[in-house]
Amino acid sequence: MKFRILSLLAIAAGAVTAQVSNERLLHPEREPQNWLTYSGSYSSQRYSLLDQITPQNVKNLELQWVFQARSLEKFEVTPLVVDGVMYIVEAPNHVFALDAKTGRAFWDYDYRPSRDARPCCGSVNRGLAILGDTLFMGTLDARLLALDAKTGRPLWKTEVGDPKLGYTITHAPLVVKNKVVVGVAGGEYGIRGFIAAYDAATGKEAWKFYTIPGPGEPGHDSWTDDSWAHGGVPAWLTGSYDPELNLIYWGTGNPGPDFNGDKRQGDNLYSDSAVALDADSGKLKWYFQFTPHDEYDYDAVQIPVIVDGTWKGAPRKMLMWANRNGYFYVLDRTNGKFLTGTPFIKLNWSTGLDEAGRPMRNSSAEPNAQGVTIFPHLFGGTNWYSPSYSPRTHLFYIPTWQDSSMNLGKVSGEFAPGQRYMGGTIRPGGPATRRGAENTPVENTNYGAILAVDPATSQIKWQYKMADLTASGVLTTASDLLFAGGREGYFYALDARTGAELWRASLGGSEEAAPMTYKVGDKQYVTIAAGQALFTFALRN
Amino acid sequence: MLVYNFAFMKRWIHAFPAALLLLSLPAAGQQRRYSAAEVAEGKQLFSVQCQPCHGPNGDLVAGVDMRKGQFKRASTDEEISRIIANGVPGTGMPPFSLPDNSRTALVAYIRSLHESGSAGAVAGDAQHGREIFEGKGGCIGCHRVAGRGARKGPDLSEIGALRNAAALERSLVTPGETILPQERMVRAVTKNGTVITGMRLNEDTHTVQLLDQNERLVSLLKSDLREYTVEKTSPMPSYQDKLTPQEIGDVVAYLLSLKGLP
C-alpha cells in the first residue's frame with residue numbers, strides 16, 4: 001500500500017513538470033485534475049472523474065474567483081487546465097494564462113484579427129488546444145496560430161482560409177498525434193468548407209479534406225451545376241478522435257444558400273453530416289448525412305460523442321449525436337451504420353427516419369416564398385452547446401430548445417464572393433429567440449431544457465425546464481453531478497440521475513459556454529463563462 | 001559542440017532589453033534623449049491617460065502606431081507634445097491638461113516605444129551573429145528566439161522590430177543600468193523554506209506570478225511566504241570583454257534581423 005501511494009506521488013510530481021505529450025492527451029483518465037482538450041477527452045464525453053464535489057456537499061460551493069473579460073462579445077470559451085495553469089481566450093482572440101487557483105494572470109497575448117474577417121454570428125472563440133509547450137488557436141481571420149504556453153509568444157502562424165471570402169475559425173483546434181486539426185466557418189458566405197491538419201511544429205499543412213467533393217470525386221454529383229463551388233458546408237466545431245480506429249469524427253454544416261436549395265438539387269454531400277477521417281491522411285473513411293438537401297440551416301455541427309458499450313446485447317463502438325435537426329442518433333463509429341434515431345424535441349420538417357436513418361420529408365413544411373412555420377428553429381433542437389455522456393449513469397445529456405420554431409421565407413439570390421448567401425429569411429412574428437432583461441413566457445413559448453436520454457431506448461429519463469432558452473453546454477462528474485447554465489444566467493448543479501436541482505448561483509449573464517472542472521492541490525474547482533466573465537467555484541473550506 | 005557556463009549565465013538573466021529605453025539613440029524626429037526616470041514616469045501616465053484609446057502598445061488608433069513611430073499629425077517631439085496639450089479637434093483625441101514635465105515624460109515614453117532606425121557602431125554579419133548567439137555567446141542559455149533557447153530572460157523573437165542597433169549594442173556592453181519592471185527577477189522563500197526565483201510576470205497585493213528558473217509558471221500567495229524580494233539589478237553581465245567589437249556588431253546585426261512573425 002505504501003508503495004502504491006509513493007508511486008502515485010511520483011506520477012503526480014512528474015506530471016507537474018512534464019509537457020503535454022500525446023500520451024497524456026490519450027489518457028486524460030490518468031490525470032483528472034487537468035482538462036487537456038476542449039471536451040475533456042478525445043471521446044468528448046465532457047465527463048470528469050473528479051468526485052470531491054458531491055450531491056451531498058454541492059450546496060457548499062462558493063465563488064473562488066472571477067475573470068472579467070475586456071470584450072463585450074459572447075464569452076464562449078472552455079478553458080484548458082494544465083498542472084495548475086488555466087488557458088483561456090476572450091473574444092475575439094485574446095489569450096490568457098491564469099493561475100487556476102486564483103485567476104490571476106501569468107501572461108496574455110492579444111491577437112488582432114484582420115478587419116476583413118466577417119463571422120456570421122459573433123466575433124467569438126471557444127478555446128485552445130495544447131501539445132508539448134505549445135498552444136494552438138484558430139483565429140477570426142482564419143489563421144492557425146501557435147503560442148509558447150510559458151510566455152504567450154507567437155511561434156508560427158498559418159493561413160487556413162481567406163477572411164475576405166467569409167472563412168473564419170471560432171472553435172478550439174483538436175491535436176491528434178503531431179497534427180493540429182481545424183475546420184472553418186463561413187457557411188453563410190458561400191465558402192467551400194474543409195477540415196485540415198497542420199504540422200504542430202511548423203504549421204505546414206499536412207492534409208485537407210474538402211467537405212464538398214470536387215469534380216470527379218465521389219459525391220460530386222450530389223450538387224447541380226457549379227453550386228458545389230460555393231456550397232458552404234463549414235465545419236466550425238471541434239471534433240473527436242478514436243485512437244484505436246485512428247479516425248477523427250467531425251460534424252459538417254449547412255449547404256448554401258441556407259434556405260433555398262433550388263440551384264443545388266441533390267443531397268449536397270457532405271453537408272449536415274458526420275464524417276470519419278483517417279487521422280494521418282485526412283481521407284474519408286465513412287460519412288453519415290443527417291439532413292440531405294437541407295433548406296433549414298440544420299448544421300450537424302455538434303460535438304460527436306464516442307461511447308463504448310453494448311448495443312442490443314453485443315459490444316459496440318458507438319458515436320452518439322444530438323442533432324440540430326431534432327433527432328438523437330446512435331451510429332456505429334467503425335462504419336457509420338445507423339443504429340437508431342429519435343426526436344428529442346417537437347419537429348415538423350420530417351415525418352420520421354427510414355431504416356437507414358434517412359429522414360422522410362414533410363412536403364407541407366418545404367420553404368416557400370410565402371413563409372412556412374418550421375419546427376425546430378434553425379438554431380435547432382440543440383446546437384453547438386456541448387452535450388455530456390456519463391459512463392456511470394449511461395445517460396446522454398442534451399441542452400435543448402423545446403417547442404422552438406421559425407417562420408421561414410424563401411428568397412432567391414445570386415452568389416457573390418464574401419457576401420451573405422442565405423436564400424431566405426426568418427420572418428418576424430415567430431416566437432422570440434432573444435429575450436431582454438424581462439422575460440414573460442406564456443403557455444406555448446419556446447423554452448430551454450436539459451434532457452437526460454437513455455441511448456439504449458431513446459427514452460427521455462428526465463427534463464430540467466428553464467423559462468428561457470439555453471446556449472450552455474453540460475458537464476457531468478463521477479459523483480453523478482451535472483453542471484449547466486442557461487440564458488437566464490443561472491449556473492446549476494443537478495443530480496445526474498434524477499435531474500433534481502441541488503444548487504444554483506445567479507451569475508448575472510447568459511452562459512454561452514460549457515462548464516469544466518479541474519483540481520489544483522486537494523481542491524476541485526468548477527468553472528463556467530457567463531456574460532463577460534469566467535466564474536470559478538469550489539467547496540467552502 | 002557548444003558548452004555553456006551555466007553558473008555564469010545564471011547571473012545575467014535578462015537585462016537585455018532592460019537598458020534599451022534609456023540608452024537608445026533618438027528616433028526619426030526625436031529631438032533629445034530622455035532619462036529612465038522620464039520614461040518611467042511617462043509609462044505611468046500613458047497607462048492612465050493614453051492606453052484606454054491607444055492600447056498598451058500604442059497601436060490601437062487607426063493610422064497611429066507608436067511602436068513603428070507612426071503618427072498622423074506629428075513627427076517632432078514638440079508636435080507630439082502639442083497634440084497632447086491641444087488634442088485634435090473633430091477626432092477622438094481630446095486635449096490633456098498636463099504640466100509641461102508630464103507631457104515631456106509622455107513623449108519620452110512614446111518615443112521609447114519606437115526603437116528602430118539608427119545604427120550601431122560596427123556593421124555586423126547577422127549569420128555570424130547568430131552563431132555567436134547560439135554558440136560562444138551562450139545567449140540562448142537564457143533567451144529564446146522563435147521557439148529555440150531558454151526562457152530565463154526575455155524572448156527576443158521580435159527584438160529587431162522594437163529596438164535599434166545602438167540600443168542593442170549598449171545592452172550588450174553595459175547591461176543592467178536600468179531594468180524594466182516586467183523583467184525584474186524575484187526571490188521568494190516560502191514558510192517551509194523553499195526558495196523560488198524567477199522572472200516576475202504579475203504582482204498584486206496578495207499574490208505574485210512568475211516564470212521560475214525551471215521555466216514553470218508559478219503563482220504564490222504572499223501570505224505563504226517568509227521572504228519576498230524584487231531584484232533591482234539585472235544578472236546579465238557585460239559582453240565588452242567577452243566578445244570583440246566585431247562580434248558584438250555581428251550579434252547586434254542578428255538581433256536586428258529578428259522581427260517576429262510576419
# chains A, B, ... in the order shown; residues from 1 in each chain; ligands from 1
>>> closest_atom_pairs(of="chain A", to="chain B", cutoff="9 Å", atoms="only C-alpha atoms", output="CSV")
residue,atom,partner,partner_atom,distance
A:Val16,CA,B:Arg216,CA,8.8
A:Thr17,CA,B:Arg216,CA,7.3
A:Gly84,CA,B:Val218,CA,8.7
A:Val85,CA,B:Leu217,CA,7.4
A:Asp99,CA,B:Ser219,CA,6.2
A:Lys101,CA,B:Ser219,CA,8.6
A:Thr102,CA,B:Ser219,CA,8.4
A:Arg104,CA,B:Gln209,CA,7.7
A:Ala105,CA,B:Asn202,CA,6.8
A:Phe106,CA,B:Gln209,CA,5.8
A:Trp107,CA,B:Leu201,CA,6.8
A:Asp148,CA,B:Gly147,CA,7.4
A:Lys150,CA,B:Leu217,CA,6.6
A:Thr151,CA,B:Arg151,CA,8.0
A:Arg153,CA,B:Asp155,CA,7.7
A:Pro154,CA,B:Leu261,CA,7.3
A:Leu155,CA,B:Ala146,CA,5.7
A:Trp156,CA,B:Leu261,CA,6.7
A:Lys157,CA,B:Leu261,CA,7.3
>>> write_last_selection(atoms="C-alpha atoms", output="PDB file, in the first residue's frame")
ATOM      1  CA  VAL A  16       3.862  18.855 -12.750  1.00  0.00           C
ATOM      2  CA  THR A  17       6.892  19.405 -14.945  1.00  0.00           C
ATOM      3  CA  GLY A  84      -2.473  24.425 -12.237  1.00  0.00           C
ATOM      4  CA  VAL A  85      -2.341  26.799 -15.205  1.00  0.00           C
ATOM      5  CA  ASP A  99      -3.338  30.753 -12.138  1.00  0.00           C
ATOM      6  CA  LYS A 101      -6.335  28.686  -8.091  1.00  0.00           C
ATOM      7  CA  THR A 102      -6.646  32.448  -8.019  1.00  0.00           C
ATOM      8  CA  ARG A 104      -4.517  35.944 -11.606  1.00  0.00           C
ATOM      9  CA  ALA A 105      -2.781  36.322 -14.967  1.00  0.00           C
ATOM     10  CA  PHE A 106       0.648  34.983 -15.877  1.00  0.00           C
ATOM     11  CA  TRP A 107       0.630  36.452 -19.349  1.00  0.00           C
ATOM     12  CA  ASP A 148       4.522  29.355 -26.373  1.00  0.00           C
ATOM     13  CA  LYS A 150       5.030  29.519 -20.943  1.00  0.00           C
ATOM     14  CA  THR A 151       5.271  33.021 -22.307  1.00  0.00           C
ATOM     15  CA  ARG A 153       4.884  34.441 -27.514  1.00  0.00           C
ATOM     16  CA  PRO A 154       3.747  33.511 -31.032  1.00  0.00           C
ATOM     17  CA  LEU A 155       5.723  30.709 -32.689  1.00  0.00           C
ATOM     18  CA  TRP A 156       4.097  30.378 -36.069  1.00  0.00           C
ATOM     19  CA  LYS A 157       1.017  31.500 -37.940  1.00  0.00           C
TER      20      LYS A 157
END
>>> residues_around(residues="A:Ala478", least_positions_apart="2", cutoff="8 Å", atoms="only C-alpha atoms", output="PyMOL selection string")
chain A and resi 47-51+390+392+476+480-481
>>> select_by_dssp(residues="stretch 17-250 of chain B", states="strand (DSSP E or B)", output="number ranges by chain")
B: 65, 70, 144-145, 148-149, 185-190, 195-203, 207-212, 217-221, 225-230
>>> residues_around(residues="stretch 104-110 of chain B", least_positions_apart="4", cutoff="7 Å", atoms="only C-alpha atoms", output="ChimeraX atom specification")
/B:34,38-39,41-43,45-46,66,77,80-81,100
>>> write_last_selection(atoms="N, CA and C atoms", output="compact mmCIF listing (two decimals), in the first residue's frame")
# COMPACT_ATOMS: atom_id res chain seq x y z
N TYR B 34 16.10 60.90 -23.54
CA TYR B 34 15.33 61.02 -22.30
C TYR B 34 15.92 60.12 -21.24
N GLU B 38 12.28 59.78 -16.74
CA GLU B 38 11.23 60.38 -17.58
C GLU B 38 10.41 59.29 -18.27
N VAL B 39 11.10 58.29 -18.78
CA VAL B 39 10.40 57.19 -19.45
C VAL B 39 9.48 56.47 -18.47
N GLU B 41 8.15 57.64 -15.69
CA GLU B 41 7.00 58.48 -15.34
C GLU B 41 6.00 58.51 -16.51
N GLY B 42 6.55 58.60 -17.72
CA GLY B 42 5.69 58.61 -18.90
C GLY B 42 4.88 57.34 -19.03
N LYS B 43 5.50 56.23 -18.66
CA LYS B 43 4.80 54.95 -18.75
C LYS B 43 3.57 54.94 -17.82
N LEU B 45 1.92 57.58 -16.74
CA LEU B 45 0.92 58.50 -17.29
C LEU B 45 0.21 57.87 -18.49
N PHE B 46 1.01 57.23 -19.32
CA PHE B 46 0.47 56.63 -20.54
C PHE B 46 -0.60 55.60 -20.20
N MET B 66 2.66 53.67 -32.42
CA MET B 66 3.81 54.26 -31.74
C MET B 66 5.02 53.34 -31.76
N ASP B 77 9.14 65.88 -31.45
CA ASP B 77 8.69 65.78 -30.06
C ASP B 77 7.74 66.93 -29.71
N ILE B 80 4.29 66.26 -30.99
CA ILE B 80 3.57 65.27 -30.18
C ILE B 80 3.07 65.92 -28.89
N SER B 81 3.96 66.68 -28.28
CA SER B 81 3.60 67.34 -27.02
C SER B 81 2.43 68.31 -27.24
N ASP B 100 4.00 70.74 -18.09
CA ASP B 100 4.99 70.52 -19.16
C ASP B 100 5.83 69.27 -18.92
>>> closest_residue(among="B:Leu172, B:Val88, B:Ala167, B:Val64", to="B:Pro237", atoms="only C-alpha atoms")
B:Leu172
>>> residues_around(residues="A:Ala365", least_positions_apart="4", cutoff="12 Å", atoms="only C-alpha atoms", output="ChimeraX atom specification")
/A:295-296,347-351,360-361,370-376,405-410
>>> residues_around(residues="stretch 378-381 of chain A", least_positions_apart="2", cutoff="8 Å", atoms="only C-alpha atoms", output="PyMOL selection string")
chain A and resi 296-298+323-327+344-345+376+383+400-402+404-406
>>> closest_residue(among="A:Lys204, A:His230, A:Lys317, A:Lys337", to="A:Glu414", atoms="only C-alpha atoms")
A:His230
